[in-house]
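K.L.:
For reference, this is model.txt, and it has compact mmCIF, C-alpha atoms.
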```txt
# COMPACT_ATOMS: atom_id res chain seq x y z
CA MET B 1 14.35 8.57 -35.86
CA ASN B 2 14.03 11.80 -33.91
CA GLU B 3 17.39 12.63 -32.33
CA ASN B 4 16.12 15.76 -30.57
CA VAL B 5 13.85 13.96 -28.13
CA ASN B 6 14.74 14.51 -24.47
CA LEU B 7 13.04 11.82 -22.41
CA TYR B 8 13.70 13.60 -19.11
CA GLU B 9 12.15 16.85 -20.35
CA LEU B 10 9.05 14.92 -21.45
CA MET B 11 8.75 13.27 -18.03
CA SER B 12 9.24 16.59 -16.23
CA ALA B 13 6.66 18.31 -18.42
CA PHE B 14 4.21 15.46 -17.79
CA TRP B 15 4.41 15.86 -14.01
CA LYS B 16 4.05 19.63 -14.30
CA GLU B 17 0.90 19.04 -16.33
CA ASN B 18 -0.24 16.62 -13.62
CA GLU B 19 0.18 19.36 -10.99
CA TYR B 20 -2.10 21.62 -13.02
CA GLU B 21 -4.73 18.88 -13.42
CA SER B 22 -4.19 15.37 -12.12
CA PHE B 23 -4.08 12.49 -14.57
CA SER B 24 -5.93 9.30 -13.71
CA PRO B 25 -3.85 6.24 -12.66
CA GLY B 26 -4.71 4.59 -15.97
CA GLN B 27 -3.54 7.63 -17.97
CA ILE B 28 -0.25 7.73 -16.06
CA CYS B 29 0.38 4.01 -16.64
CA LEU B 30 -0.47 4.18 -20.34
CA TYR B 31 1.60 7.31 -21.03
CA PHE B 32 4.79 5.92 -19.48
CA PHE B 33 4.15 2.60 -21.18
CA LEU B 34 4.01 4.41 -24.53
CA LEU B 35 7.11 6.48 -23.65
CA ASN B 36 9.09 3.32 -22.98
CA ARG B 37 7.81 1.69 -26.17
CA ALA B 38 8.64 4.77 -28.24
CA ASN B 39 12.12 5.00 -26.74
CA SER B 40 12.80 1.34 -27.57
CA ARG B 41 11.80 2.09 -31.19
CA ARG B 42 14.15 5.09 -31.27
CA TRP B 43 11.14 7.47 -31.43
CA ASN B 44 9.95 6.30 -34.83
CA MET B 45 6.25 7.07 -35.06
CA PRO B 46 3.64 5.72 -35.12
CA ILE B 47 3.79 3.01 -32.43
CA LYS B 48 1.88 -0.22 -33.04
CA CYS B 49 0.48 -1.85 -29.93
CA GLU B 50 -2.34 -4.34 -29.32
CA THR B 51 -4.75 -3.15 -26.64
CA SER B 52 -4.68 -6.59 -25.03
CA TYR B 53 -0.88 -6.40 -24.74
CA ALA B 54 -1.02 -2.94 -23.17
CA ARG B 55 -3.70 -4.14 -20.75
CA ARG B 56 -1.62 -7.12 -19.61
CA THR B 57 1.60 -5.12 -19.32
CA ILE B 58 0.31 -2.23 -17.21
CA GLY B 59 -2.26 -4.31 -15.35
CA ILE B 60 -5.48 -2.39 -15.95
CA PRO B 61 -8.80 -3.51 -17.53
CA HIS B 62 -9.46 -3.26 -21.27
CA SER B 63 -12.01 -0.48 -20.80
CA ALA B 64 -9.52 1.48 -18.66
CA VAL B 65 -7.00 1.42 -21.52
CA LEU B 66 -9.60 2.87 -23.89
CA ASP B 67 -10.56 5.58 -21.40
CA ALA B 68 -6.89 6.39 -20.67
CA ARG B 69 -5.87 6.89 -24.29
CA GLU B 70 -8.93 9.07 -24.94
CA GLY B 71 -8.04 11.15 -21.87
CA LEU B 72 -4.42 11.57 -23.01
CA TYR B 73 -5.68 12.55 -26.46
CA ARG B 74 -7.99 15.22 -25.07
CA ARG B 75 -5.12 16.61 -22.96
CA GLY B 76 -3.08 16.92 -26.19
CA LEU B 77 -0.32 14.43 -25.29
CA ILE B 78 -1.00 11.73 -27.90
CA LYS B 79 -2.91 10.94 -31.07
CA PHE B 80 -4.08 7.49 -32.03
CA THR B 81 -6.00 5.39 -34.52
CA ASN B 82 -8.23 2.53 -33.45
CA GLY B 83 -7.35 -0.98 -34.49
CA SER B 84 -9.51 -2.97 -36.88
CA GLY B 85 -8.87 -6.55 -35.82
CA ARG B 86 -5.95 -8.92 -36.03
CA GLY B 87 -3.04 -7.64 -38.08
CA ASN B 88 -4.25 -4.04 -37.70
CA PRO B 89 -3.49 -3.00 -34.10
CA PRO B 90 -4.08 0.52 -32.74
CA LEU B 91 -1.47 3.10 -33.75
CA TYR B 92 -0.17 5.75 -31.37
CA TYR B 93 1.63 9.01 -32.08
CA LEU B 94 3.24 10.84 -29.14
CA ILE B 95 3.42 14.62 -29.21
CA LEU B 96 7.12 15.03 -28.40
CA ASP B 97 7.09 18.81 -27.93
CA PRO B 98 5.37 19.77 -24.65
CA LYS B 99 4.73 23.24 -26.08
CA GLU B 100 2.23 21.63 -28.45
CA TRP B 101 0.24 20.00 -25.64
CA LYS B 102 -3.11 21.73 -25.90
CA GLU B 103 -6.22 20.50 -24.14
CA LEU B 104 -9.19 19.93 -26.43
CA PRO B 105 -12.80 20.75 -25.53
CA GLN B 106 -14.86 17.79 -24.38
CA GLU B 107 -17.22 18.08 -27.36
CA THR B 108 -14.33 17.79 -29.85
CA PRO B 109 -14.65 14.47 -31.76
CA ILE B 110 -11.68 12.12 -31.73
CA ASN B 111 -9.94 12.45 -35.12
CA THR B 112 -7.65 9.86 -36.63
CA TYR B 113 -3.91 10.33 -36.72
CA LYS B 114 -4.19 10.75 -40.50
CA ASP B 115 -6.57 13.69 -40.19
CA ASN B 116 -4.45 15.43 -37.57
CA ALA B 117 -1.34 14.93 -39.66
CA LYS B 118 -2.85 17.22 -42.30
CA GLU B 119 -2.93 20.01 -39.73
CA ARG B 120 0.69 19.38 -38.69
CA VAL B 121 2.13 19.34 -42.23
CA LYS B 122 2.35 23.15 -42.21
CA LYS B 123 4.74 23.07 -39.23
CA GLY B 124 7.33 20.79 -40.77
CA PRO B 125 8.01 17.28 -42.11
CA ILE B 126 6.30 14.46 -40.30
CA GLU B 127 6.02 10.73 -40.60
CA LYS B 128 3.99 9.27 -43.46
CA PRO B 129 0.27 9.45 -42.58
CA ILE B 130 -1.38 6.22 -41.61
CA GLU B 131 -3.76 4.92 -44.24
CA THR B 132 -7.01 3.57 -42.91
CA SER B 133 -9.87 1.72 -44.55
CA GLN B 134 -12.14 4.74 -44.00
CA GLU B 135 -10.24 7.36 -45.98
CA ASN B 136 -13.07 9.86 -46.22
CA SER B 137 -14.19 9.60 -42.60
CA THR B 138 -13.09 12.08 -39.95
CA GLU B 139 -14.11 9.87 -37.05
CA ILE B 140 -12.58 6.69 -35.77
CA PRO B 141 -14.98 3.73 -35.79
CA GLN B 142 -15.64 2.89 -32.18
CA GLU B 143 -13.88 -0.23 -31.02
CA LYS B 144 -16.35 -2.75 -29.69
CA PRO B 145 -15.71 -3.38 -26.00
CA GLN B 146 -14.81 -6.95 -25.24
CA ALA B 147 -17.00 -8.81 -22.82
CA LYS B 148 -15.27 -9.40 -19.51
CA PRO B 149 -14.85 -13.08 -18.68
CA ILE B 150 -16.86 -14.31 -15.76
CA GLU B 151 -14.56 -14.89 -12.84
CA LYS B 152 -14.88 -18.29 -11.27
CA LEU B 153 -15.61 -18.41 -7.61
CA THR B 154 -12.62 -19.84 -5.87
CA GLU B 155 -12.31 -20.97 -2.33
CA LYS B 156 -10.10 -19.00 -0.02
CA PRO B 157 -6.75 -20.71 0.48
CA LYS B 158 -6.49 -22.48 3.77
CA VAL B 159 -3.92 -21.05 6.13
CA SER B 160 -2.04 -23.47 8.32
CA PRO B 161 -1.88 -22.71 12.07
CA SER B 162 1.82 -21.94 11.79
CA GLU B 163 1.12 -19.25 9.17
CA LYS B 164 -1.69 -17.56 11.10
CA PRO B 165 -0.63 -14.22 12.61
CA HIS B 166 -0.40 -13.94 16.35
CA PRO B 167 -3.36 -12.06 17.88
CA TYR B 168 -1.04 -9.32 19.16
CA ASN B 169 0.23 -8.76 15.60
CA ILE B 170 -3.26 -8.11 14.18
CA LYS B 171 -3.61 -4.35 13.72
CA ASN B 172 -6.89 -2.60 14.32
CA GLU B 173 -8.18 -1.09 11.07
CA LYS B 174 -8.82 2.20 12.85
CA SER B 175 -5.30 2.39 14.29
CA ASN B 176 -2.74 4.68 12.78
CA ILE B 177 0.50 2.96 11.79
CA GLN B 178 2.38 6.19 12.55
CA ASP B 179 1.45 5.77 16.27
CA GLU B 180 3.39 2.52 16.56
CA ILE B 181 6.69 2.77 18.41
CA GLU B 182 9.67 0.43 18.51
CA ILE B 183 9.66 -1.95 21.47
CA ASP B 184 13.06 -0.73 22.69
CA ALA B 185 11.84 2.90 22.67
CA LEU B 186 8.67 1.93 24.54
CA GLU B 187 10.71 0.20 27.23
CA LYS B 188 12.79 3.33 27.81
CA LEU B 189 9.60 5.39 27.88
CA PHE B 190 8.02 3.16 30.53
CA LEU B 191 11.13 3.32 32.72
CA SER B 192 11.45 7.12 32.47
CA ASP B 193 7.78 8.12 32.85
CA GLN B 194 7.61 8.88 36.60
CA GLU B 195 4.02 10.16 36.52
CA TRP B 196 2.77 7.00 34.85
CA GLN B 197 4.66 4.84 37.34
CA LYS B 198 2.82 6.59 40.20
CA GLU B 199 -0.48 5.82 38.49
CA ILE B 200 0.48 2.16 38.28
CA LEU B 201 1.29 2.07 42.02
CA ASP B 202 -2.10 3.62 42.79
CA ILE B 203 -3.81 0.88 40.76
CA PHE B 204 -2.27 -1.78 43.03
CA PRO B 205 -2.38 -0.23 46.53
CA GLU B 206 -1.96 -3.56 48.34
CA GLN B 207 1.24 -4.38 46.46
CA LYS B 208 2.45 -0.77 46.32
CA SER B 209 5.53 -1.27 48.47
CA LEU B 210 6.53 -4.48 46.72
CA LEU B 211 5.88 -3.06 43.26
CA SER B 212 7.81 0.16 43.89
CA GLU B 213 10.94 -1.91 44.55
CA SER B 214 10.48 -4.32 41.65
CA PHE B 215 8.94 -2.00 39.01
CA ILE B 216 12.09 -1.87 36.89
CA SER B 217 12.56 -5.63 36.86
CA LYS B 218 8.85 -6.19 36.15
CA THR B 219 9.02 -3.77 33.23
CA LYS B 220 12.04 -5.53 31.74
CA ASP B 221 10.34 -8.91 32.19
CA PHE B 222 7.26 -7.61 30.37
CA PHE B 223 9.22 -6.39 27.34
CA SER B 224 11.22 -9.63 27.28
CA TYR B 225 7.86 -11.38 27.09
CA LEU B 226 6.81 -9.21 24.12
CA ARG B 227 10.04 -9.97 22.28
CA THR B 228 9.49 -13.71 22.69
CA LYS B 229 6.12 -13.20 20.99
CA GLY B 230 7.88 -11.66 17.98
CA LEU B 231 6.54 -8.13 18.53
CA ASN B 232 8.72 -5.30 17.24
CA LYS B 233 6.31 -2.36 17.45
CA ARG B 234 3.28 -1.45 19.54
CA GLU B 235 1.08 1.57 20.09
CA GLU B 236 1.88 3.29 23.38
CA LYS B 237 -1.73 3.29 24.63
CA ASP B 238 -2.35 -0.38 23.81
CA CYS B 239 1.01 -1.40 25.23
CA LYS B 240 0.28 0.32 28.56
CA LYS B 241 -3.07 -1.47 28.83
CA HIS B 242 -1.37 -4.76 28.07
CA PHE B 243 1.30 -4.06 30.70
CA ILE B 244 -1.33 -3.39 33.42
CA ASN B 245 -3.15 -6.65 32.65
CA TRP B 246 0.11 -8.59 32.52
CA LEU B 247 1.27 -7.01 35.80
CA LYS B 248 -2.02 -7.86 37.53
CA ILE B 249 -1.70 -11.54 36.57
CA ASN B 250 1.96 -11.58 37.54
CA LEU B 251 1.33 -10.03 40.96
CA ASN B 252 -1.53 -12.44 41.67
CA LYS B 253 0.73 -15.38 40.89
CA SER B 254 3.42 -14.01 43.19
CA GLN B 255 0.92 -13.43 46.02
CA ASN B 256 -0.55 -16.93 45.71
CA GLY B 257 2.95 -18.41 45.74
CA ASN B 258 3.83 -16.56 48.98
CA GLN B 259 0.65 -17.73 50.70
CA SER B 260 1.26 -21.37 49.79
CA SER B 261 4.82 -21.15 51.11
CA LEU B 262 3.48 -19.96 54.49
CA ARG B 263 1.34 -23.07 54.91
CA ARG B 264 3.43 -25.72 56.77
CA PRO B 265 2.17 -29.05 58.12
CA SER B 266 2.18 -29.14 61.96
CA ASP B 267 4.79 -31.40 63.51
CA VAL B 268 3.25 -34.50 65.12
CA SER B 269 5.28 -35.75 68.10
CA ALA B 270 2.98 -38.64 69.04
CA THR B 271 4.05 -42.01 67.75
CA SER B 272 1.28 -44.20 69.27
CA SER B 273 -2.14 -43.99 70.96
CA LYS B 274 -0.45 -43.94 74.41
CA ASP B 275 1.02 -40.52 73.66
CA TYR B 276 -2.45 -38.90 73.51
CA ASP B 277 -4.36 -37.79 76.61
CA GLY B 278 -7.80 -39.29 77.07
CA ALA B 279 -9.65 -41.77 74.97
CA PHE B 280 -8.54 -42.25 71.42
```
Will you turn the file into structure tokens for me?

P.N.:
Amino acid sequence: MNENVNLYELMSAFWKENEYESFSPGQICLYFFLLNRANSRRWNMPIKCETSYARRTIGIPHSAVLDAREGLYRRGLIKFTNGSGRGNPPLYYLILDPKEWKELPQETPINTYKDNAKERVKKGPIEKPIETSQENSTEIPQEKPQAKPIEKLTEKPKVSPSEKPHPYNIKNEKSNIQDEIEIDALEKLFLSDQEWQKEILDIFPEQKSLLSESFISKTKDFFSYLRTKGLNKREEKDCKKHFINWLKINLNKSQNGNQSSLRRPSDVSATSSKDYDGAF
């Protein structure tokens, strides 16, 4: 057990190293996975861990785990030994002193933890070196990549009509989510934008006098309509276009209603053919 390990200093040093040269997402996932595993084992090295277990836990492919651990090794953060089948999982050794993190040249071969331990013995006591079946070899036998299972083609799940999103809720892929504004804020904007209100009146010159008196009520009716549709945010530009179309339909309905109310059947005073002049 190493009682001098400061987990927070290791995490801080890792992110400083990331600022100098970014780690890949797989390297970040694997390093913090190993940190957590080492902490749970009270920093006793080495750490045993099946590659399949690491893959399932951090949610990356098998090949990505292999690439990530090689990348962390070349950045000087870890050392490891490949596994050799069931019962002999890969072994990991974390370099717990950030001052010893030294990046290795790309052409440097990957040495086993046992070989590197011989270099570290001069600096102080370390854990017992890991014995491997290839004692005289300086290179780790390459782990054979596992064939990826063929994914079965599955049908897309059917979505019931009640679960389908409303057309107004479907966002354009090119739209910027940051441009969306709360409905309440948009309503206040519409009511306070005098220049835009004049443009609206110019669009409907025939109903200009009527619309100028009822613009506030029409605006409130429009946003009440949006709330009934379950809309909480809209882009200002799209919302203004929608308002103009909605207002056009609304004004046409009002105009048609007024014309029908003006049509009245003429009163017929005659009650028989004698009441009409001339032949009937």

K.L.:
Rank nothing, just name the residue among B:Glu187, B:Glu50, B:Asp97, B:Glu195 nearest to Glu236 in chain B, using only C-alpha atoms.

P.N.:
B:Glu187

K.L.:
Mind checking which residues fall within 12 Å of Ile244 in chain B, counting only C-alpha atoms, ignoring those fewer than 2 positions away in the same chain, and posting them as a ChimeraX atom specification?

P.N.:
/B:190,196-197,199-204,215,218-219,222,237-242,246-251

K.L.:
Return the single residue from B:Trp15, B:Leu94, B:Glu21, B:Gly87 that is closest to Leu34 in chain B, with distances computed using only C-alpha atoms.

P.N.:
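Nearest candidate to Leu34 in chain B out of B:Trp15, B:Leu94, B:Glu21, B:Gly87: B:Leu94.
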
K.L.:
Can you measure CA of Lys48 in chain B to CA of Arg75 in chain B for me? One decimal in Å is fine.

P.N.:
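That distance, rounded to one decimal, is 20.8 Å.
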
K.L.:
Just the number, please: distance in Å from CA of Ile58 in chain B to CA of Ala38 in chain B, one decimal.

P.N.:
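That distance, rounded to one decimal, is 15.5 Å.
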
K.L.:
Which value, in Å to one decimal, gives the distance between CA of Ile216 in chain B and CA of Leu186 in chain B?

P.N.:
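Value for the CA of Ile216 in chain B-CA of Leu186 in chain B distance: 13.4 Å.
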
K.L.:
Residues within 10 Å of Pro90 in chain B, please, as a PDB file with C-alpha atoms, in the frame of the given file. Count only C-alpha atoms; anything in the same chain fewer than 5 positions from it doesn't count.

P.N.:
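Saved the output as around_22.pdb:
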```pdb
ATOM      1  CA  PRO B  46       3.640   5.720 -35.120  1.00  0.00           C
ATOM      2  CA  ILE B  47       3.790   3.010 -32.430  1.00  0.00           C
ATOM      3  CA  LYS B  48       1.880  -0.220 -33.040  1.00  0.00           C
ATOM      4  CA  CYS B  49       0.480  -1.850 -29.930  1.00  0.00           C
ATOM      5  CA  GLU B  50      -2.340  -4.340 -29.320  1.00  0.00           C
ATOM      6  CA  THR B  51      -4.750  -3.150 -26.640  1.00  0.00           C
ATOM      7  CA  PHE B  80      -4.080   7.490 -32.030  1.00  0.00           C
ATOM      8  CA  THR B  81      -6.000   5.390 -34.520  1.00  0.00           C
ATOM      9  CA  ASN B  82      -8.230   2.530 -33.450  1.00  0.00           C
ATOM     10  CA  GLY B  83      -7.350  -0.980 -34.490  1.00  0.00           C
ATOM     11  CA  SER B  84      -9.510  -2.970 -36.880  1.00  0.00           C
ATOM     12  CA  GLY B  85      -8.870  -6.550 -35.820  1.00  0.00           C
ATOM     13  CA  GLU B 143     -13.880  -0.230 -31.020  1.00  0.00           C
TER      14      GLU B 143
END
```
